[in-house]
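Quick notes on the structure that follows.
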2 protein chains.
Amino acid sequence: MSDHVTPQTLPSDKPNTMQSTVDDVIRRDIADAIFDQRMPPGTKLSEARLGDLYDVSRTVVRKALFRLASDKLVDLRPNRGAIVARPTIAEARQVFEARRLIESAMLEHSVPNMTADQHGVLHDLVAADSAAHDSHDRQRMIRASGDFHRGLAAMSSNQVLCGFLDQLIGRTSLIIAMYQSHTSAACSHHAHDELLKVIEQADVAGAQRAMRRHLHECEDQLQLTDTQHANPLAQMLDASHGRN
Amino acid sequence: MSDHVTPQTLPSDKPNTMQSTVDDVIRRDIADAIFDQRMPPGTKLSEARLGDLYDVSRTVVRKALFRLASDKLVDLRPNRGAIVARPTIAEARQVFEARRLIESAMLEHSVPNMTADQHGVLHDLVAADSAAHDSHDRQRMIRASGDFHRGLAAMSSNQVLCGFLDQLIGRTSLIIAMYQSHTSAACSHHAHDELLKVIEQADVAGAQRAMRRHLHECEDQLQLTDTQHANPLAQMLDASHGRN
DNA sequence: TAAGGTCGAATCGTATCCAATTTAATGCCG
DNA sequence: CGGCATTAAATTGGATACGATTCGACCTTA
């Protein structure tokens, strides 16, 4: 029961400024666990087990799982339960392509109209990113990198695209957790620093180029070859070795 | 209980070729009703009432409503029930902007690699669009126009963007149903015809220009001025007059 | 008469219960 | 000894029940 995190005293870094419902807590906890690689792709998410952990009924767990499924973070198989999603290589490529499209387009509107305060926010996010890199904590790195892109997106005037991008960033975190090569970092924080410099110069075209290049680099740093990952057999053997 | 329509024999134009779950039927029925303006924005969607109509429990109705909410077609207000969404003018503009971005980008990949079969499919869709226009049936027009864009999107290689666009097309149908000026048609099918011609010439840049212009025209044909619609007071008075 | 409060009906949120399906295990047979 | 059918446990899908919240009507009162 209480040998894990206590759901009432949830993250403690997330003060419930607004009404935080229980299913949102579960949803966020699972998402964080996925991003932190504590829940590798394919992990089964039993409704009863989760309900037991959070001391709620399966009804609310189902709601959380349903929402995670709509965010493409878990896969809901009829009559067979929920597992954390295993994005394919093709899907990963498409996610990056979509991100290049959306994020570069957002810059077109946000870069010229950016205030000094917003520049400061981005500086803080880059600083957090650098700190994460220095800590050599892969989870923090993934998180910080996503936060930078999210913060940049929040400065766009288009909430619709922002919502799409939010989903894409979450999927990217899962993709990185799944396909990262053990040698490379998630996103080179240096790229974020460079990008911010160009943004501050109000150079739209340059920022767009930098963004596209950055995302291309991120994609190239992943192991998106069909060996290993495309083979479910190796995965299962890995899982059994890891005593999942 | 069974004093209303029988849910088993409801669509009759939708034979359950594939496994059609009940909640999907409800979801699609509600979506169609929204697009056909049989359910104006703001209409309350009572769980018990819907469950009665389809002879299912509230559980499955909730699932359908939840999914409609994730597609931004209904608004789920805590403890206050679900209503069909009332997209704001700003949201409408953002949806069109997002569509311009995504649809023109999709053309970049799909136009050069299009087969003759796919051209044929598009021809059929344009024909259906023209037929809908000739029938002077506004609902059919909205539907056919959306089907053309959907069919075009299906020819893209990027399923992720395709999913986003699917959602945007649905939201557009709702926006058109809400903001259309009574004088103008939904989308001029002539534009679809022109667009198809340019596509068949494998002119990517031209197709992108035509697509952006077409979507701009659609947006301009709507009444996205802040009179009437932006004012919630007038809306409420309208609603009470309409005895909604 | 209008403003405010109280009560009741309706509706939503969640827990619990039961049926249906899947999954794993055991035993049987070739 | 390996493959397959039968059976039992576990898990999901859906229905029902009950507490909580909201909305509307009626009543009271200044």
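In the structure tokens, each chain is lettered A, B, ... as it comes, each chain's residues begin at 1, and ligands are numbered from 1 in order of appearance.
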Q | Long-range neighbours of Ala131 of chain A as a PyMOL selection string, 10 Å cut-off, only C-alpha atoms (C1' of nucleotides), 6 positions minimum in chain | A | chain A and resi 125+137+140-141+144+189
Q | Counting only C-alpha atoms (C1' of nucleotides), chain C residues within 9 Å of chain A, as a list in words | A |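 The answer, sorted by residue number, is DT14, DA15, DT16, DT21 and DT22 of chain C.
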Q: Least-squares fit chain A onto chain B by Cα, in order, and just send back the RMSD.
A: 1.1 Å
I want to know what sits within 10 Å of DA25 of chain C, based on only C-alpha atoms (C1' of nucleotides), with residues of the same chain fewer than 5 positions away left out; could you give that as a PDB file with C-alpha atoms (C1' of nucleotides), in the first residue's frame?
ATOM      1  C1'  DT D   7     -10.777 -25.962 -16.889  1.00  0.00           C
ATOM      2  C1'  DA D   8      -9.843 -22.418 -13.355  1.00  0.00           C
ATOM      3  C1'  DA D   9      -8.108 -17.915 -12.109  1.00  0.00           C
TER       4       DA D   9
END
Q.
Give me, as a PyMOL selection string, the residues of segment 3-238 of chain B that a backbone DSSP run labels alpha helix (DSSP H).
A. chain B and resi 22-35+47-54+58-70+89-110+116-134+138-154+159-179+189-200+204-221+232-238
Convert the current residue selection to file output with C-alpha atoms, as a compact mmCIF listing (two decimals), in the first residue's frame.
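Ended up saving to again-v2.txt:
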# COMPACT_ATOMS: atom_id res chain seq x y z
CA VAL B 22 -22.04 0.79 -29.20
CA ASP B 23 -20.13 3.75 -27.87
CA ASP B 24 -18.67 4.39 -31.31
CA VAL B 25 -22.15 4.45 -32.75
CA ILE B 26 -23.25 6.97 -30.16
CA ARG B 27 -20.17 9.05 -30.74
CA ARG B 28 -20.65 9.11 -34.47
CA ASP B 29 -24.36 9.80 -34.21
CA ILE B 30 -23.78 12.77 -31.96
CA ALA B 31 -20.98 14.06 -34.18
CA ASP B 32 -23.21 13.75 -37.24
CA ALA B 33 -26.02 15.51 -35.44
CA ILE B 34 -23.65 18.33 -34.55
CA PHE B 35 -22.41 18.64 -38.12
CA GLU B 47 -26.11 11.10 -19.85
CA ALA B 48 -29.29 9.47 -18.58
CA ARG B 49 -31.29 10.69 -21.57
CA LEU B 50 -28.79 9.38 -24.08
CA GLY B 51 -28.51 6.10 -22.22
CA ASP B 52 -32.27 5.80 -22.39
CA LEU B 53 -32.29 6.47 -26.12
CA TYR B 54 -29.70 3.84 -26.93
CA ARG B 58 -24.56 5.76 -18.53
CA THR B 59 -21.14 4.12 -18.49
CA VAL B 60 -20.92 3.72 -22.23
CA VAL B 61 -22.52 7.10 -22.83
CA ARG B 62 -19.84 8.67 -20.70
CA LYS B 63 -17.21 6.96 -22.77
CA ALA B 64 -18.65 8.39 -25.96
CA LEU B 65 -18.93 11.86 -24.46
CA PHE B 66 -15.38 11.64 -23.19
CA ARG B 67 -14.11 10.88 -26.62
CA LEU B 68 -16.14 13.64 -28.18
CA ALA B 69 -14.64 15.98 -25.63
CA SER B 70 -11.13 14.94 -26.60
CA ILE B 89 -14.10 33.24 -32.85
CA ALA B 90 -10.47 33.13 -31.82
CA GLU B 91 -10.59 29.36 -31.76
CA ALA B 92 -12.18 29.28 -35.18
CA ARG B 93 -9.43 31.45 -36.61
CA GLN B 94 -6.78 29.27 -35.01
CA VAL B 95 -8.37 26.15 -36.43
CA PHE B 96 -8.25 27.56 -39.93
CA GLU B 97 -4.70 28.71 -39.46
CA ALA B 98 -3.70 25.26 -38.28
CA ARG B 99 -5.46 23.71 -41.25
CA ARG B 100 -3.63 25.96 -43.69
CA LEU B 101 -0.37 24.96 -42.13
CA ILE B 102 -1.00 21.23 -42.01
CA GLU B 103 -2.86 20.75 -45.26
CA SER B 104 -0.41 22.72 -47.35
CA ALA B 105 2.46 20.83 -45.76
CA MET B 106 0.79 17.51 -46.49
CA LEU B 107 0.50 18.41 -50.16
CA GLU B 108 4.24 18.78 -50.33
CA HIS B 109 4.66 15.05 -49.85
CA SER B 110 1.46 13.68 -51.33
CA ALA B 116 -3.87 7.62 -60.90
CA ASP B 117 -6.12 5.66 -58.58
CA GLN B 118 -5.80 8.33 -55.96
CA HIS B 119 -6.63 10.98 -58.54
CA GLY B 120 -9.73 8.97 -59.30
CA VAL B 121 -10.72 8.88 -55.67
CA LEU B 122 -10.37 12.63 -55.47
CA HIS B 123 -12.46 13.01 -58.61
CA ASP B 124 -15.20 10.98 -57.00
CA LEU B 125 -15.06 13.10 -53.90
CA VAL B 126 -15.30 16.29 -55.95
CA ALA B 127 -18.23 14.80 -57.80
CA ALA B 128 -19.97 14.02 -54.54
CA ASP B 129 -19.22 17.55 -53.46
CA SER B 130 -20.78 18.98 -56.59
CA ALA B 131 -23.83 16.77 -56.19
CA ALA B 132 -24.21 17.97 -52.64
CA HIS B 133 -24.04 21.55 -53.84
CA ASP B 134 -26.68 20.92 -56.48
CA ARG B 138 -26.41 22.48 -46.48
CA GLN B 139 -25.71 19.44 -44.33
CA ARG B 140 -24.63 17.35 -47.28
CA MET B 141 -22.44 20.19 -48.46
CA ILE B 142 -20.61 20.47 -45.17
CA ARG B 143 -20.21 16.72 -45.04
CA ALA B 144 -19.00 16.38 -48.62
CA SER B 145 -16.56 19.21 -48.27
CA GLY B 146 -15.08 17.64 -45.19
CA ASP B 147 -14.90 14.27 -46.94
CA PHE B 148 -12.85 15.77 -49.74
CA HIS B 149 -10.31 17.23 -47.38
CA ARG B 150 -10.27 14.04 -45.36
CA GLY B 151 -9.71 11.92 -48.44
CA LEU B 152 -6.90 14.17 -49.55
CA ALA B 153 -5.33 13.96 -46.12
CA ALA B 154 -5.55 10.17 -46.16
CA GLN B 159 -0.51 9.48 -40.03
CA VAL B 160 0.18 11.78 -37.12
CA LEU B 161 -0.63 14.92 -39.06
CA CYS B 162 -3.54 13.07 -40.61
CA GLY B 163 -4.98 12.46 -37.17
CA PHE B 164 -4.62 16.10 -36.24
CA LEU B 165 -6.25 17.16 -39.44
CA ASP B 166 -9.12 14.76 -38.87
CA GLN B 167 -9.84 16.50 -35.62
CA LEU B 168 -9.52 19.91 -37.25
CA ILE B 169 -11.96 18.99 -40.01
CA GLY B 170 -14.50 17.94 -37.41
CA ARG B 171 -14.04 21.15 -35.53
CA THR B 172 -14.35 23.06 -38.79
CA SER B 173 -17.69 21.42 -39.47
CA LEU B 174 -18.88 22.61 -36.09
CA ILE B 175 -17.48 26.08 -36.72
CA ILE B 176 -19.20 26.29 -40.09
CA ALA B 177 -22.45 25.13 -38.57
CA MET B 178 -22.09 27.84 -35.95
CA TYR B 179 -20.76 30.80 -37.86
CA HIS B 189 -16.88 23.19 -54.54
CA HIS B 190 -15.39 25.03 -57.46
CA ALA B 191 -12.29 25.54 -55.36
CA HIS B 192 -12.00 21.80 -54.84
CA ASP B 193 -12.24 21.26 -58.55
CA GLU B 194 -9.51 23.79 -59.25
CA LEU B 195 -7.36 22.35 -56.54
CA LEU B 196 -7.67 18.90 -58.00
CA LYS B 197 -6.58 20.17 -61.40
CA VAL B 198 -3.41 21.65 -59.97
CA ILE B 199 -2.76 18.48 -58.00
CA GLU B 200 -3.03 16.37 -61.13
CA VAL B 204 3.27 21.29 -55.53
CA ALA B 205 3.71 24.99 -54.99
CA GLY B 206 0.59 25.76 -56.96
CA ALA B 207 -1.42 23.22 -55.02
CA GLN B 208 -0.19 24.67 -51.76
CA ARG B 209 -1.14 28.16 -52.86
CA ALA B 210 -4.54 26.96 -53.99
CA MET B 211 -5.11 25.16 -50.72
CA ARG B 212 -4.19 28.15 -48.60
CA ARG B 213 -6.35 30.43 -50.71
CA HIS B 214 -9.25 28.01 -50.53
CA LEU B 215 -9.08 27.79 -46.76
CA HIS B 216 -8.79 31.55 -46.52
CA GLU B 217 -11.92 31.87 -48.62
CA CYS B 218 -13.75 29.43 -46.40
CA GLU B 219 -12.75 31.42 -43.36
CA ASP B 220 -13.74 34.70 -44.94
CA GLN B 221 -17.14 33.38 -45.88
CA PRO B 232 -22.54 35.83 -24.46
CA LEU B 233 -25.42 38.05 -23.39
CA ALA B 234 -27.01 38.10 -26.81
CA GLN B 235 -26.44 34.37 -27.03
CA MET B 236 -28.25 33.74 -23.80
CA LEU B 237 -31.15 35.89 -24.89
CA ASP B 238 -31.21 34.05 -28.19
